[in-house]
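model_26.txt follows (compact mmCIF, N, CA and C atoms):
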# COMPACT_ATOMS: atom_id res chain seq x y z
N MET L 1 15.81 36.14 -38.44
CA MET L 1 15.06 35.23 -37.60
C MET L 1 15.97 34.59 -36.54
N PHE L 2 17.11 34.11 -36.96
CA PHE L 2 18.05 33.47 -36.04
C PHE L 2 18.54 34.47 -34.99
N LEU L 3 18.73 35.71 -35.40
CA LEU L 3 19.20 36.74 -34.47
C LEU L 3 18.18 37.00 -33.37
N GLN L 4 16.89 36.95 -33.71
CA GLN L 4 15.84 37.14 -32.70
C GLN L 4 15.89 36.04 -31.65
N TRP L 5 16.02 34.79 -32.07
CA TRP L 5 16.09 33.68 -31.11
C TRP L 5 17.34 33.78 -30.25
N LYS L 6 18.42 34.22 -30.85
CA LYS L 6 19.67 34.35 -30.09
C LYS L 6 19.51 35.40 -28.99
N LEU L 7 18.83 36.48 -29.29
CA LEU L 7 18.60 37.52 -28.30
C LEU L 7 17.65 37.02 -27.19
N ILE L 8 16.66 36.23 -27.59
CA ILE L 8 15.74 35.68 -26.59
C ILE L 8 16.48 34.75 -25.64
N TYR L 9 17.32 33.86 -26.18
CA TYR L 9 18.06 32.92 -25.33
C TYR L 9 19.07 33.62 -24.43
N GLN L 10 19.58 34.77 -24.85
CA GLN L 10 20.51 35.50 -24.01
C GLN L 10 19.79 36.07 -22.78
N LYS L 11 18.50 36.38 -22.92
CA LYS L 11 17.75 36.95 -21.81
C LYS L 11 17.31 35.87 -20.81
N ILE L 12 17.16 34.63 -21.27
CA ILE L 12 16.71 33.55 -20.40
C ILE L 12 17.95 32.81 -19.89
N SER L 13 18.16 32.86 -18.58
CA SER L 13 19.30 32.14 -18.02
C SER L 13 18.97 30.65 -17.95
N LEU L 14 19.99 29.84 -17.78
CA LEU L 14 19.81 28.40 -17.72
C LEU L 14 18.95 28.00 -16.52
N ARG L 15 19.13 28.69 -15.41
CA ARG L 15 18.34 28.39 -14.22
C ARG L 15 16.87 28.66 -14.47
N ASN L 16 16.56 29.79 -15.10
CA ASN L 16 15.18 30.12 -15.39
C ASN L 16 14.57 29.13 -16.38
N LEU L 17 15.37 28.67 -17.32
CA LEU L 17 14.89 27.69 -18.28
C LEU L 17 14.52 26.39 -17.58
N PHE L 18 15.36 25.94 -16.64
CA PHE L 18 15.05 24.74 -15.88
C PHE L 18 13.81 24.94 -15.02
N LEU L 19 13.64 26.10 -14.43
CA LEU L 19 12.45 26.37 -13.62
C LEU L 19 11.18 26.34 -14.47
N ILE L 20 11.26 26.88 -15.66
CA ILE L 20 10.11 26.87 -16.56
C ILE L 20 9.77 25.44 -16.97
N LEU L 21 10.78 24.65 -17.32
CA LEU L 21 10.55 23.27 -17.72
C LEU L 21 10.01 22.43 -16.56
N PHE L 22 10.59 22.61 -15.37
CA PHE L 22 10.13 21.87 -14.20
C PHE L 22 8.70 22.26 -13.84
N GLY L 23 8.39 23.54 -13.91
CA GLY L 23 7.03 24.01 -13.62
C GLY L 23 6.03 23.43 -14.61
N GLY L 24 6.40 23.41 -15.88
CA GLY L 24 5.53 22.83 -16.89
C GLY L 24 5.29 21.35 -16.66
N LEU L 25 6.35 20.63 -16.32
CA LEU L 25 6.23 19.21 -16.03
C LEU L 25 5.34 18.97 -14.82
N PHE L 26 5.51 19.80 -13.79
CA PHE L 26 4.69 19.68 -12.58
C PHE L 26 3.21 19.90 -12.91
N VAL L 27 2.91 20.90 -13.71
CA VAL L 27 1.52 21.19 -14.08
C VAL L 27 0.93 20.02 -14.87
N ILE L 28 1.70 19.48 -15.80
CA ILE L 28 1.21 18.36 -16.61
C ILE L 28 0.92 17.15 -15.72
N LEU L 29 1.84 16.84 -14.81
CA LEU L 29 1.63 15.70 -13.91
C LEU L 29 0.44 15.93 -12.98
N ALA L 30 0.27 17.16 -12.50
CA ALA L 30 -0.86 17.47 -11.62
C ALA L 30 -2.18 17.30 -12.35
N VAL L 31 -2.24 17.73 -13.59
CA VAL L 31 -3.47 17.60 -14.38
C VAL L 31 -3.76 16.12 -14.66
N MET L 32 -2.74 15.36 -14.99
CA MET L 32 -2.93 13.93 -15.25
C MET L 32 -3.41 13.21 -14.00
N PHE L 33 -2.83 13.56 -12.85
CA PHE L 33 -3.21 12.91 -11.59
C PHE L 33 -4.62 13.31 -11.18
N ALA L 34 -4.97 14.57 -11.39
CA ALA L 34 -6.29 15.05 -11.00
C ALA L 34 -7.38 14.45 -11.89
N ASN L 35 -7.07 14.21 -13.15
CA ASN L 35 -8.07 13.64 -14.06
C ASN L 35 -8.39 12.20 -13.71
N ASN L 36 -7.46 11.49 -13.10
CA ASN L 36 -7.71 10.12 -12.70
C ASN L 36 -7.97 10.10 -11.20
N SER L 37 -9.21 10.29 -10.83
CA SER L 37 -9.56 10.41 -9.41
C SER L 37 -9.37 9.09 -8.67
N CYS L 38 -9.29 7.99 -9.40
CA CYS L 38 -9.10 6.70 -8.74
C CYS L 38 -7.75 6.66 -8.01
N ASN L 39 -6.72 7.25 -8.59
CA ASN L 39 -5.42 7.29 -7.92
C ASN L 39 -5.50 8.04 -6.61
N PHE L 40 -6.15 9.19 -6.63
CA PHE L 40 -6.28 10.00 -5.43
C PHE L 40 -7.12 9.28 -4.38
N GLU L 41 -8.21 8.67 -4.83
CA GLU L 41 -9.09 7.96 -3.91
C GLU L 41 -8.36 6.76 -3.29
N ARG L 42 -7.53 6.10 -4.06
CA ARG L 42 -6.74 4.97 -3.56
C ARG L 42 -5.81 5.41 -2.43
N LEU L 43 -5.19 6.58 -2.61
CA LEU L 43 -4.31 7.10 -1.56
C LEU L 43 -5.09 7.40 -0.28
N LEU L 44 -6.27 7.96 -0.42
CA LEU L 44 -7.10 8.26 0.75
C LEU L 44 -7.51 6.97 1.48
N ILE L 45 -7.85 5.95 0.72
CA ILE L 45 -8.24 4.68 1.34
C ILE L 45 -7.04 4.04 2.04
N LEU L 46 -5.89 4.09 1.41
CA LEU L 46 -4.69 3.53 2.05
C LEU L 46 -4.37 4.25 3.35
N ASP L 47 -4.61 5.55 3.37
CA ASP L 47 -4.41 6.31 4.61
C ASP L 47 -5.42 5.87 5.67
N ASP L 48 -6.67 5.64 5.26
CA ASP L 48 -7.69 5.16 6.19
C ASP L 48 -7.34 3.77 6.74
N VAL L 49 -6.81 2.91 5.87
CA VAL L 49 -6.41 1.57 6.30
C VAL L 49 -5.28 1.67 7.32
N SER L 50 -4.35 2.56 7.07
CA SER L 50 -3.24 2.76 8.00
C SER L 50 -3.75 3.26 9.35
N THR L 51 -4.70 4.17 9.32
CA THR L 51 -5.29 4.68 10.56
C THR L 51 -6.02 3.56 11.31
N TYR L 52 -6.74 2.72 10.55
CA TYR L 52 -7.45 1.60 11.18
C TYR L 52 -6.46 0.62 11.83
N GLU L 53 -5.36 0.33 11.14
CA GLU L 53 -4.39 -0.62 11.67
C GLU L 53 -3.77 -0.12 12.98
N LYS L 54 -3.69 1.18 13.14
CA LYS L 54 -3.16 1.74 14.38
C LYS L 54 -4.19 1.69 15.51
N SER L 55 -5.47 1.92 15.18
CA SER L 55 -6.49 2.01 16.22
C SER L 55 -7.26 0.71 16.44
N LEU L 56 -7.42 -0.09 15.38
CA LEU L 56 -8.21 -1.33 15.42
C LEU L 56 -9.64 -1.08 15.89
N ASP L 57 -10.18 0.08 15.54
CA ASP L 57 -11.55 0.44 15.88
C ASP L 57 -12.52 -0.27 14.92
N PRO L 58 -13.46 -1.07 15.44
CA PRO L 58 -14.37 -1.82 14.56
C PRO L 58 -15.28 -0.91 13.72
N GLU L 59 -15.68 0.23 14.27
CA GLU L 59 -16.53 1.15 13.50
C GLU L 59 -15.75 1.74 12.32
N LEU L 60 -14.50 2.07 12.57
CA LEU L 60 -13.66 2.60 11.49
C LEU L 60 -13.44 1.52 10.43
N CYS L 61 -13.31 0.28 10.86
CA CYS L 61 -13.13 -0.81 9.91
C CYS L 61 -14.32 -0.91 8.96
N GLU L 62 -15.52 -0.82 9.51
CA GLU L 62 -16.73 -0.89 8.68
C GLU L 62 -16.78 0.26 7.67
N ILE L 63 -16.39 1.43 8.10
CA ILE L 63 -16.37 2.60 7.20
C ILE L 63 -15.36 2.38 6.08
N VAL L 64 -14.17 1.87 6.43
CA VAL L 64 -13.13 1.63 5.43
C VAL L 64 -13.57 0.54 4.46
N VAL L 65 -14.22 -0.50 4.96
CA VAL L 65 -14.70 -1.58 4.08
C VAL L 65 -15.72 -1.04 3.08
N GLU L 66 -16.60 -0.16 3.53
CA GLU L 66 -17.57 0.45 2.62
C GLU L 66 -16.87 1.29 1.56
N LYS L 67 -15.85 2.06 1.97
CA LYS L 67 -15.09 2.86 1.01
C LYS L 67 -14.39 1.97 -0.01
N ILE L 68 -13.80 0.88 0.47
CA ILE L 68 -13.10 -0.03 -0.44
C ILE L 68 -14.08 -0.66 -1.42
N ASP L 69 -15.25 -1.05 -0.92
CA ASP L 69 -16.25 -1.67 -1.79
C ASP L 69 -16.71 -0.69 -2.87
N MET L 70 -16.97 0.56 -2.48
CA MET L 70 -17.37 1.57 -3.47
C MET L 70 -16.24 1.85 -4.46
N PHE L 71 -15.01 1.87 -3.94
CA PHE L 71 -13.85 2.10 -4.81
C PHE L 71 -13.71 0.97 -5.82
N ASN L 72 -13.86 -0.27 -5.38
CA ASN L 72 -13.74 -1.41 -6.30
C ASN L 72 -14.81 -1.36 -7.38
N ASP L 73 -16.03 -0.93 -7.03
CA ASP L 73 -17.09 -0.81 -8.03
C ASP L 73 -16.82 0.33 -9.00
N LYS L 74 -16.40 1.46 -8.47
CA LYS L 74 -16.22 2.65 -9.29
C LYS L 74 -15.01 2.54 -10.22
N CYS L 75 -13.91 2.06 -9.69
CA CYS L 75 -12.66 2.09 -10.44
C CYS L 75 -12.28 0.73 -11.02
N GLU L 76 -13.17 -0.23 -10.92
CA GLU L 76 -12.92 -1.58 -11.43
C GLU L 76 -11.59 -2.11 -10.90
N SER L 77 -11.41 -1.91 -9.62
CA SER L 77 -10.19 -2.35 -8.96
C SER L 77 -10.50 -3.61 -8.18
N ASN L 78 -9.46 -4.21 -7.64
CA ASN L 78 -9.64 -5.41 -6.83
C ASN L 78 -8.89 -5.24 -5.52
N MET L 79 -9.13 -4.12 -4.86
CA MET L 79 -8.49 -3.86 -3.56
C MET L 79 -9.07 -4.82 -2.53
N GLU L 80 -8.22 -5.41 -1.73
CA GLU L 80 -8.64 -6.41 -0.77
C GLU L 80 -9.48 -5.78 0.35
N ILE L 81 -10.59 -6.45 0.66
CA ILE L 81 -11.48 -6.00 1.73
C ILE L 81 -10.88 -6.40 3.07
N LEU L 82 -10.99 -5.50 4.04
CA LEU L 82 -10.46 -5.77 5.37
C LEU L 82 -11.32 -6.78 6.11
N ASP L 83 -10.69 -7.54 6.99
CA ASP L 83 -11.43 -8.46 7.86
C ASP L 83 -11.63 -7.75 9.21
N CYS L 84 -12.86 -7.40 9.50
CA CYS L 84 -13.15 -6.61 10.70
C CYS L 84 -13.35 -7.45 11.96
N SER L 85 -13.27 -8.74 11.84
CA SER L 85 -13.51 -9.56 13.05
C SER L 85 -12.26 -9.86 13.81

Would you mind giving the structure from this file in structure tokens?
Amino acid sequence: MFLQWKLIYQKISLRNLFLILFGGLFVILAVMFANNSCNFERLLILDDVSTYEKSLDPELCEIVVEKIDMFNDKCESNMEILDCS
């Protein structure tokens, strides 16, 4: 039994082992992040807020406020509502 594992480890280089471990970690993190859509939605809203701060477009502000309001209801968050005036 030990000889079989020794032969397997000889075939796997250290670099390949790190690539396999890193790939596995990346997949696990991607699945965890995808399962919690609130995190992803928060990033999208923050991007919209950044876009609004650059343009100061009142219509965009109203759209972002609606998104924030829906986000706060859905994810039980307390993201601050923008002041559009």

Exercise for the section: Would you work out the distance separating CA of Ile63 (chain L) from CA of Met79 (chain L), expressed in Å to one decimal? Expected result: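 We find that CA of Ile63 (chain L) and CA of Met79 (chain L) lie 14.8 Å from each other.
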
Problem - alpha helix (DSSP H) per DSSP on the backbone: members of chain L, as a ChimeraX atom specification - result: /L:2-11,14-35,37-55,58-75

Could you work out an axis-aligned bounding box for all listed atoms of region 76-85 of chain L, with 8 Å added on each of the six sides, and give its centre and edge lengths in Å to one decimal, as AutoDock Vina command-line options?
--center_x -10.9 --center_y -5.0 --center_z 1.2 --size_x 21.3 --size_y 25.6 --size_z 41.2

Problem - All residues 8 Å or closer to Leu60 (chain L), only N, CA and C atoms, same chain fewer than 6 positions away omitted, as a list in words - result: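 Here the qualifying residues turn out to be Asp48, Thr51, Tyr52 and Glu66 of chain L.
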
Practice task
Calculate how many Å separate atom C of Leu43 (chain L) from atom C of Gly23 (chain L), rounding to one decimal.
Solution key: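 So the two atoms, atom C of Leu43 (chain L) and atom C of Gly23 (chain L), lie 24.2 Å apart.
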
Practice task
Just give me the gap between atom N of Asp47 (chain L) and atom N of Cys84 (chain L) in Å, one decimal is fine.
Solution key: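 It comes out at 16.5 Å.
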
Handout entry: Who sits within 8 Å of region 80-83 of chain L, only N, CA and C atoms, same chain under 3 positions skipped, as an NGL selection string
Key = :L and (61-62 or 64-66 or 68-69 or 77)

Practice task
Could you tell me which of L:Leu56, L:Leu19, L:Ile28, L:Cys75 comes closest to Phe40 (chain L) if we count only C-alpha atoms?
Solution key: L:Cys75
